[in-house]
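Notes for the one structure printed next.
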Amino acid sequence: MANIKKPSVDAVLVGFGWTGAIMGMELTAAGLKVLALERGENRDTVPDFAYPRITDELSYGIRGKLFQNLSKETVTIRHTPADVAVPYRQHGSFLLGDGVGGAGVHWNGHHWRALPADLQLRSTYEARYGKKFIPEGMYLQDFGVTYDELEPHFDMFEKICGTAGKAGNIKGQIQAGGNPFEGWRANEFPLPPLASPNSAVLFEKAARELGYHPFPQAAANASRAYTNPHGAQLGPCNFCGFCERYGCYMYAKASPQTTLLPTLMKRPNFELRTRSHVQRVNMSPDGKRATGVTYIDAQGNEVEQPADLVVLCAYQMHNVRLLLLSNIGKKYDPATGEGVVGRSYAYQLNGGAALHFDKDQPMNPFVGAGASGHAMDDFDGDNFDHGPLGFVGGATINCINTGGRPIQQLSLPAGTPTWGAAWKKAAKENYVYQTSVGSQGSVMAYRDNYLDLDPTYKDAFGQPLLRMTFDWKDNDMAMTAFIGSKVEQIAKAMGPKHISMGFKKKGEHYDVRPYQSTHNTGGAIMGTDPKTSAINRYLQTWDVPNVFVMGASAFPQNFGYNPTAVVGALAYWSAKAIREKYLKNPGALA
Amino acid sequence: MTDIPSPGRRGFLRRSIAIVPAAGALTATGFVAGQQAVAQTASTAATPSPSAYAPSYFHAQEWAFVQAAVARLIPSDDTGPGAIEAGVPEFIDRQMEGVFGHAGLWYMQGPFVPSSPLFGYQGKMLPREVYRAGIAATDAWCKQHKGGKHFAELAAVAQDEVLKGLDGGTIQFAEVGAKDFFTFLLQNTKEGYFSDPIHGGNKNAVAWKMIGFPGARADFLDWVQKPGVHYPLPPVSINGPQG
């Protein structure tokens with residue numbers, strides 16, 4: 001295949017999901033000539049997510065038609081640095097995105113701002129509980145950016161998405177019906193909350209009567225017709241029950257396609273090239289500046305794309321792998337604790353209770369939206385006293401009904417046989433009456449949970465796969481045990497016929513088979529010290545000033561929230577710094 | 001399940017049928033035409049005959065195994081239709097020839113290292129190869145331990161014992177992982193039972209009707225807060241109403 005060299009651009013974006021679309025909008029608005037390189041295919045609501053084809057559970061929900069094709073590239077996984085990692089051969093624990101819009105197409109739209117304390121976690125814990133409270137081997141860090149600095153960008157991303165919700169704190173005034181623990185916000189949500197399904201109505205009542213503070217889940221699923229600041233129009237969600245793992249046929253779920261691309265794709269200084277798989281960031285001979293990227297196009301040509309500014313906008317793992325393949329930043333070494341790229345990989349530790357009701361209380365589980373239901377934040381972040389409990393972190397607890405797709409979402413009481421006549425009878429008797437109460441829990445960063453390049457396995461182009469070394473730690477298991485006791489209390493108060501608890505226990509190891517969370521974080525974390533972070537507070541790499549890294553790879557540790565709103569706000573925060581500071585003086589911003 | 005007020009029901013039916021895509025019979029719009037289309041489909045759709053489908057991947061002995069095995073995993077009884085009425089064997093045969101059978105979207109580069117089940121299927125064999133080897137090994141095991149008979153020739157109770165042995169690890173094979181084989185078989189059986197009828201299983205949406213899943217209707221704005229009310233409408237497929 002030919003080697004091609006393209007004319008230079010001002011900025012090249014690697015990956016075209018949420019952060020690529022945000023950066024594309026912001027940098028073209030600043031007058032830059034911007035090129036986005038997306039390795040997957042182009043996708044849009046029509047024809048790719050159109051009804052009725054999108055309601056095919058087998059093709060989308062189970063076979064993963066919209067997910068990354070792992071036959072070309074995956075990640076390897078092991079539990080400890082002493083183990084041999086094996087490939088993540090099939091999708092399970094997390095669902096990697098692909099194509100235009102990335103995982104921003106097949107998310108559920110749970111829209112959470114970080115708590116102020118989440119962004120300054122080490123400072124918060126040291127001040128309240130003392131330095132000794134933080135266990136040996138745990139890397140607790142501040143983000144290096146504060147809630148007050150991010151507030152306008154959280155606000156902007158909510159307006160872009162047409163987020164439906166109820167404010168709990170407007171400029172310091174606690175609002176009835178919202179989340180009283182949230183950070184202050186300048187404005188109410190752009191749209192009123194989604195209606196809650198039968199199950200969440202029971203959850204809200206049970207939680208409230210127990211003295212907790214339930215509120216409607218903020219949803220990037222439009223509750224009304226909405227026009228965003230760029231003029232993109234969203235339609236109201238119709239609770240179709242095909243949200244996560246699917247594209248939205250109703251133009252109701254916020255995605256790059258429904259919110260930003262209608263404007264961006266028309267700008268003359270913007271270009272998108274799909275099926276363009278970036279292999280590495282190219283460096284100047286002295287290693288101090290990036291000169292652009294090299295990618296393989298759909299025909300297999302190797303293409304050199306010069307650019308003045310390189311912004312990595314791929315998924316968390318892919319951003320980290322590109323830094324490692326391009327030798328940008330010092331690689332992390334768990335033996336010494338030195339180095340930064342690959343450091344602080346984290347995840348989430350979730351649990352849930354399956355509830356089954358009597359015949360007079362149908363839950364109609366197929367009536368669902370990605371973020372329809374109620375949540376509570378009483379045991380999340382530092383919203384409660386950790387002192388007597390002895391662990392760091394927490395979880396949101398919720399009752400959210402995303403759908404009742406029977407292959408994936410049929411839930412049966414614990415102890416039901418997995419096949420045969422008894423299984424079938426239980427399916428018939430329970431399906432309509434099923435619901436769940438779930439928890440989404442934080443996972444901290446640890447010295448020996450990290451990312452590097454695999455020494456054995458290669459991708460379709462012959463480059464090493466990323467290797468994940470990860471297992472559960474006692475601190476996080478203590479958190480989930482505590483949360484499980486709260487979930488059980490609420491579930492009982494909802495009055496079901498049967499409750500089946502599903503919480504992990506100390507001593508259990510990470511199982512990659514069942515779906516858990518596509519909220520992988522870290523590996524290129526942000527911070528204020530180049531010895532413990534890969535990028536500065538503006539998401540700029542410490543070592544190479546014309547390379548910026550977006551995404552949840554920037555999180556120093558994970559929290560009990562879905563990450564997308566923070567990822568979006570950080571992209572706007574970084575774009576502002578590029579526009580107002582970097583372009584005037586293209587050097588290190590911190 | 002008719003506890004919804006009738007004016008709303010009529011309006012809702014009209015609207016939800018109107019968004020069902022072009023089923024051949026559904027040429028007119030409106031509630032009455034929709035009802036006729038449903039009735040027509042019902043009268044022409046005979047109970048599916050498993051023998052009517054000619055498998056493309058499985059040969060005769062394997063086909064007999066697949067039919068016998070899925071008939072035990074989801075049996076036919078008074079509760080509702082089993083895997084055979086639902087066309088699960090056809091579904092599995094079609095999966096063998098598709099992306100799943102060929103592991104088309106899975107990372108299948110070596111080395112293949114024996115590892116904890118927590119890391120998922122790590123075998124070199126494609127799912128279709130696991131089926132072929134697993135069926136042969138199960139039949140050979142049955143001939144040796146069950147009086148010279150193939151699995152399909154055994155009584156239901158004996159078949160259940162063999163399936164439990166594959167599932168629980170008391171039956172092991174040298175050629176293929178017995179548990180891997182059983183895991184694919186059970187997963188695909190449930191997929192064939194519950195997936196949209198366009199994939200060859202869940203004939204006439206029999207499994208959806210049994211549990212109460214409306215299938216491809218996917219439009220429930222009027223149903224978000226209806227405590228105590230059962231959803232009244234039968235399922236539809238991507239290809240339209242199912243008799």
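Naming scheme: A, B, ... for chains in displayed order of the structure tokens; residues 1 onward per chain; ligands 1 onward as shown.
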
Taking 2 positions as the minimum chain separation for residues in the same chain, which residues sit within 10 Å of B:Ala218 when counting only C-alpha atoms? Answer as a PyMOL selection string.
(chain A and resi 51-52+54-55+238-242+249+366-368+403) or (chain B and resi 16+19-20+214-216+220-221+236)

Quick one: write out the picked residues with N, CA and C atoms as a PDB file, in the first residue's frame?
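Saved file again-v7.pdb follows:
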```
ATOM      1  N   TYR A  51     -36.074   3.107  13.271  1.00  0.00           N
ATOM      2  CA  TYR A  51     -37.081   2.107  13.595  1.00  0.00           C
ATOM      3  C   TYR A  51     -37.518   1.434  12.304  1.00  0.00           C
ATOM      4  N   PRO A  52     -37.838   0.142  12.306  1.00  0.00           N
ATOM      5  CA  PRO A  52     -37.840  -0.771  13.446  1.00  0.00           C
ATOM      6  C   PRO A  52     -36.541  -1.550  13.656  1.00  0.00           C
ATOM      7  N   ILE A  54     -33.699  -0.964  14.696  1.00  0.00           N
ATOM      8  CA  ILE A  54     -32.913  -0.741  15.912  1.00  0.00           C
ATOM      9  C   ILE A  54     -33.481  -1.515  17.104  1.00  0.00           C
ATOM     10  N   THR A  55     -34.708  -2.002  17.011  1.00  0.00           N
ATOM     11  CA  THR A  55     -35.298  -2.740  18.143  1.00  0.00           C
ATOM     12  C   THR A  55     -34.913  -4.215  18.138  1.00  0.00           C
ATOM     13  N   ASN A 238     -39.819   8.513  24.102  1.00  0.00           N
ATOM     14  CA  ASN A 238     -41.094   7.770  24.156  1.00  0.00           C
ATOM     15  C   ASN A 238     -40.976   6.470  24.950  1.00  0.00           C
ATOM     16  N   PHE A 239     -39.902   6.340  25.773  1.00  0.00           N
ATOM     17  CA  PHE A 239     -39.759   5.186  26.664  1.00  0.00           C
ATOM     18  C   PHE A 239     -39.784   3.864  25.899  1.00  0.00           C
ATOM     19  N   CYS A 240     -39.048   3.833  24.799  1.00  0.00           N
ATOM     20  CA  CYS A 240     -39.101   2.657  23.912  1.00  0.00           C
ATOM     21  C   CYS A 240     -38.463   1.426  24.536  1.00  0.00           C
ATOM     22  N   GLY A 241     -37.541   1.640  25.507  1.00  0.00           N
ATOM     23  CA  GLY A 241     -36.902   0.492  26.152  1.00  0.00           C
ATOM     24  C   GLY A 241     -35.694  -0.036  25.405  1.00  0.00           C
ATOM     25  N   PHE A 242     -35.227   0.682  24.385  1.00  0.00           N
ATOM     26  CA  PHE A 242     -34.011   0.282  23.652  1.00  0.00           C
ATOM     27  C   PHE A 242     -33.038   1.456  23.704  1.00  0.00           C
ATOM     28  N   TYR A 249     -33.782   6.114  18.079  1.00  0.00           N
ATOM     29  CA  TYR A 249     -34.524   6.382  16.837  1.00  0.00           C
ATOM     30  C   TYR A 249     -35.422   7.604  16.956  1.00  0.00           C
ATOM     31  N   PHE A 366     -40.647  -3.303  30.184  1.00  0.00           N
ATOM     32  CA  PHE A 366     -40.300  -2.851  28.828  1.00  0.00           C
ATOM     33  C   PHE A 366     -40.554  -1.357  28.654  1.00  0.00           C
ATOM     34  N   VAL A 367     -41.311  -0.737  29.584  1.00  0.00           N
ATOM     35  CA  VAL A 367     -41.553   0.715  29.530  1.00  0.00           C
ATOM     36  C   VAL A 367     -40.354   1.387  30.183  1.00  0.00           C
ATOM     37  N   GLY A 368     -39.396   1.787  29.380  1.00  0.00           N
ATOM     38  CA  GLY A 368     -38.183   2.312  29.997  1.00  0.00           C
ATOM     39  C   GLY A 368     -37.455   3.306  29.126  1.00  0.00           C
ATOM     40  N   GLY A 403     -35.319  -0.730  30.392  1.00  0.00           N
ATOM     41  CA  GLY A 403     -36.042  -1.551  29.432  1.00  0.00           C
ATOM     42  C   GLY A 403     -36.226  -2.948  29.973  1.00  0.00           C
TER      43      GLY A 403
ATOM     44  N   SER B  16     -50.062   2.824  17.753  1.00  0.00           N
ATOM     45  CA  SER B  16     -48.932   1.904  17.799  1.00  0.00           C
ATOM     46  C   SER B  16     -48.937   0.972  16.598  1.00  0.00           C
ATOM     47  N   ILE B  19     -47.272   2.664  13.575  1.00  0.00           N
ATOM     48  CA  ILE B  19     -45.813   2.748  13.442  1.00  0.00           C
ATOM     49  C   ILE B  19     -45.183   1.385  13.182  1.00  0.00           C
ATOM     50  N   VAL B  20     -45.970   0.323  13.200  1.00  0.00           N
ATOM     51  CA  VAL B  20     -45.412  -0.976  12.847  1.00  0.00           C
ATOM     52  C   VAL B  20     -45.085  -0.964  11.357  1.00  0.00           C
ATOM     53  N   PRO B 214     -43.779  -6.868  24.675  1.00  0.00           N
ATOM     54  CA  PRO B 214     -44.443  -6.430  23.440  1.00  0.00           C
ATOM     55  C   PRO B 214     -43.534  -6.367  22.206  1.00  0.00           C
ATOM     56  N   GLY B 215     -42.286  -6.804  22.314  1.00  0.00           N
ATOM     57  CA  GLY B 215     -41.408  -6.890  21.149  1.00  0.00           C
ATOM     58  C   GLY B 215     -41.010  -5.541  20.615  1.00  0.00           C
ATOM     59  N   ALA B 216     -41.236  -5.342  19.318  1.00  0.00           N
ATOM     60  CA  ALA B 216     -40.746  -4.147  18.634  1.00  0.00           C
ATOM     61  C   ALA B 216     -41.704  -2.968  18.740  1.00  0.00           C
ATOM     62  N   PHE B 220     -43.931   3.778  24.385  1.00  0.00           N
ATOM     63  CA  PHE B 220     -44.687   3.585  25.627  1.00  0.00           C
ATOM     64  C   PHE B 220     -44.896   4.880  26.408  1.00  0.00           C
ATOM     65  N   LEU B 221     -44.914   6.010  25.714  1.00  0.00           N
ATOM     66  CA  LEU B 221     -45.035   7.277  26.434  1.00  0.00           C
ATOM     67  C   LEU B 221     -46.277   7.303  27.331  1.00  0.00           C
ATOM     68  N   VAL B 236     -45.353  -7.305  18.614  1.00  0.00           N
ATOM     69  CA  VAL B 236     -45.111  -7.255  17.168  1.00  0.00           C
ATOM     70  C   VAL B 236     -43.623  -7.503  16.935  1.00  0.00           C
TER      71      VAL B 236
END
```

If the cut-off is 6 Å, can you tell me the residues of chain A near chain B, counting only C-alpha atoms? I'd like them as a PyMOL selection string.
chain A and resi 52+55+58+69-71+89-90+197-198+238-240+360-362+367+407+419-421+428+431+511-513

Can you spit out the residues from that selection as a compact mmCIF listing (two decimals), in the first residue's frame, using C-alpha atoms?
```
# COMPACT_ATOMS: atom_id res chain seq x y z
CA PRO A 52 -37.84 -0.77 13.45
CA THR A 55 -35.30 -2.74 18.14
CA LEU A 58 -30.04 -9.93 19.30
CA ASN A 69 -14.97 -5.06 16.63
CA LEU A 70 -12.66 -6.91 19.01
CA SER A 71 -11.31 -9.16 16.24
CA ARG A 89 -11.93 -11.80 23.56
CA GLN A 90 -15.66 -11.03 23.76
CA PRO A 197 -41.89 4.33 35.77
CA ASN A 198 -44.01 2.33 38.28
CA ASN A 238 -41.09 7.77 24.16
CA PHE A 239 -39.76 5.19 26.66
CA CYS A 240 -39.10 2.66 23.91
CA ASP A 360 -51.46 -6.98 41.22
CA GLN A 361 -48.31 -4.87 40.78
CA PRO A 362 -47.08 -5.13 37.18
CA VAL A 367 -41.55 0.72 29.53
CA ILE A 407 -32.46 -11.97 26.44
CA TRP A 419 -32.91 -24.06 32.32
CA GLY A 420 -35.75 -26.57 32.10
CA ALA A 421 -39.43 -26.40 33.01
CA LYS A 428 -43.53 -16.55 32.66
CA TYR A 431 -41.08 -11.05 33.85
CA ASP A 511 -14.89 -11.30 36.47
CA VAL A 512 -14.79 -9.89 32.92
CA ARG A 513 -17.83 -11.86 31.70
```

Rounded to one decimal place, report the atom CA of A:His111-atom CA of A:Val437 distance in Å.
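Those two atoms sit 18.3 Å apart.
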
Point out the residue among A:Phe16, A:Tyr60, A:Phe67, A:Tyr251 with the least atom-to-atom distance to A:Val278, counting only C-alpha atoms.
A:Phe16

For stretch 51-57 of chain B, please output as a PyMOL selection string all residues within 8 Å (counting only C-alpha atoms; exclusion window: fewer than 4 positions along the same chain).
chain B and resi 63+90+93-94+96-97

Name the residues in contact with stretch 27-30 of chain A at a cut-off of 9 Å, using only C-alpha atoms, excluding same-chain residues fewer than 3 positions from it; report them as JSON, numbers by chain.
{"A": [11, 22, 23, 24, 33, 34, 264, 267, 268, 269, 270, 575, 578, 579]}

Could you give me the residues within stretch 111-163 of chain B that DSSP places in helix (DSSP H, G or I), as a compact mmCIF listing (two decimals) with N, CA and C atoms, in the first residue's frame?
```txt
# COMPACT_ATOMS: atom_id res chain seq x y z
N PRO B 117 -12.00 -19.22 34.46
CA PRO B 117 -13.23 -18.89 33.73
C PRO B 117 -13.64 -17.42 33.86
N LEU B 118 -13.08 -16.71 34.86
CA LEU B 118 -13.41 -15.29 35.03
C LEU B 118 -13.02 -14.45 33.82
N PHE B 119 -12.12 -14.98 32.96
CA PHE B 119 -11.66 -14.22 31.79
C PHE B 119 -12.44 -14.58 30.53
N PRO B 127 -17.09 -21.03 17.87
CA PRO B 127 -18.31 -21.62 18.44
C PRO B 127 -18.89 -22.76 17.59
N ARG B 128 -18.90 -22.60 16.27
CA ARG B 128 -19.45 -23.68 15.42
C ARG B 128 -18.60 -24.94 15.55
N GLU B 129 -17.31 -24.79 15.75
CA GLU B 129 -16.45 -25.97 15.94
C GLU B 129 -16.68 -26.61 17.31
N VAL B 130 -16.95 -25.73 18.30
CA VAL B 130 -17.27 -26.25 19.64
C VAL B 130 -18.55 -27.07 19.58
N TYR B 131 -19.54 -26.58 18.85
CA TYR B 131 -20.79 -27.34 18.70
C TYR B 131 -20.50 -28.70 18.05
N ARG B 132 -19.77 -28.69 16.95
CA ARG B 132 -19.53 -29.95 16.21
C ARG B 132 -18.82 -30.95 17.11
N ALA B 133 -17.76 -30.49 17.75
CA ALA B 133 -16.99 -31.39 18.62
C ALA B 133 -17.79 -31.77 19.86
N GLY B 134 -18.55 -30.82 20.40
CA GLY B 134 -19.31 -31.06 21.63
C GLY B 134 -20.44 -32.06 21.39
N ILE B 135 -21.11 -31.93 20.25
CA ILE B 135 -22.19 -32.89 19.95
C ILE B 135 -21.61 -34.29 19.77
N ALA B 136 -20.51 -34.37 19.01
CA ALA B 136 -19.89 -35.69 18.78
C ALA B 136 -19.43 -36.31 20.10
N ALA B 137 -18.82 -35.50 20.95
CA ALA B 137 -18.31 -36.03 22.22
C ALA B 137 -19.46 -36.44 23.14
N THR B 138 -20.54 -35.64 23.14
CA THR B 138 -21.68 -36.00 24.00
C THR B 138 -22.34 -37.28 23.51
N ASP B 139 -22.50 -37.38 22.20
CA ASP B 139 -23.09 -38.61 21.66
C ASP B 139 -22.20 -39.82 21.97
N ALA B 140 -20.89 -39.67 21.82
CA ALA B 140 -19.97 -40.78 22.12
C ALA B 140 -20.06 -41.15 23.60
N TRP B 141 -20.16 -40.13 24.45
CA TRP B 141 -20.27 -40.40 25.90
C TRP B 141 -21.57 -41.16 26.18
N CYS B 142 -22.64 -40.74 25.55
CA CYS B 142 -23.94 -41.41 25.76
C CYS B 142 -23.89 -42.86 25.28
N LYS B 143 -23.27 -43.08 24.13
CA LYS B 143 -23.19 -44.46 23.61
C LYS B 143 -22.42 -45.35 24.58
N GLN B 144 -21.41 -44.76 25.18
CA GLN B 144 -20.57 -45.55 26.10
C GLN B 144 -21.27 -45.79 27.45
N HIS B 145 -21.95 -44.75 27.93
CA HIS B 145 -22.50 -44.83 29.30
C HIS B 145 -24.00 -45.07 29.35
N PHE B 151 -27.57 -39.38 22.26
CA PHE B 151 -28.31 -38.50 23.17
C PHE B 151 -29.79 -38.41 22.77
N ALA B 152 -30.04 -38.23 21.47
CA ALA B 152 -31.41 -38.01 21.00
C ALA B 152 -32.30 -39.22 21.22
N GLU B 153 -31.69 -40.37 21.40
CA GLU B 153 -32.48 -41.60 21.57
C GLU B 153 -32.82 -41.88 23.04
N ALA B 156 -36.25 -38.62 28.30
CA ALA B 156 -36.07 -37.24 28.76
C ALA B 156 -35.30 -37.17 30.08
N VAL B 157 -35.59 -38.05 31.01
CA VAL B 157 -34.91 -38.02 32.30
C VAL B 157 -33.40 -38.24 32.12
N ALA B 158 -33.06 -39.19 31.27
CA ALA B 158 -31.63 -39.47 31.02
C ALA B 158 -30.97 -38.29 30.30
N GLN B 159 -31.70 -37.67 29.38
CA GLN B 159 -31.15 -36.49 28.69
C GLN B 159 -30.86 -35.37 29.69
N ASP B 160 -31.78 -35.18 30.62
CA ASP B 160 -31.56 -34.14 31.63
C ASP B 160 -30.31 -34.44 32.46
N GLU B 161 -30.10 -35.71 32.78
CA GLU B 161 -28.90 -36.07 33.55
C GLU B 161 -27.64 -35.72 32.78
N VAL B 162 -27.65 -36.00 31.49
CA VAL B 162 -26.45 -35.70 30.68
C VAL B 162 -26.23 -34.17 30.61
N LEU B 163 -27.30 -33.43 30.39
CA LEU B 163 -27.16 -31.97 30.31
C LEU B 163 -26.66 -31.39 31.64
```
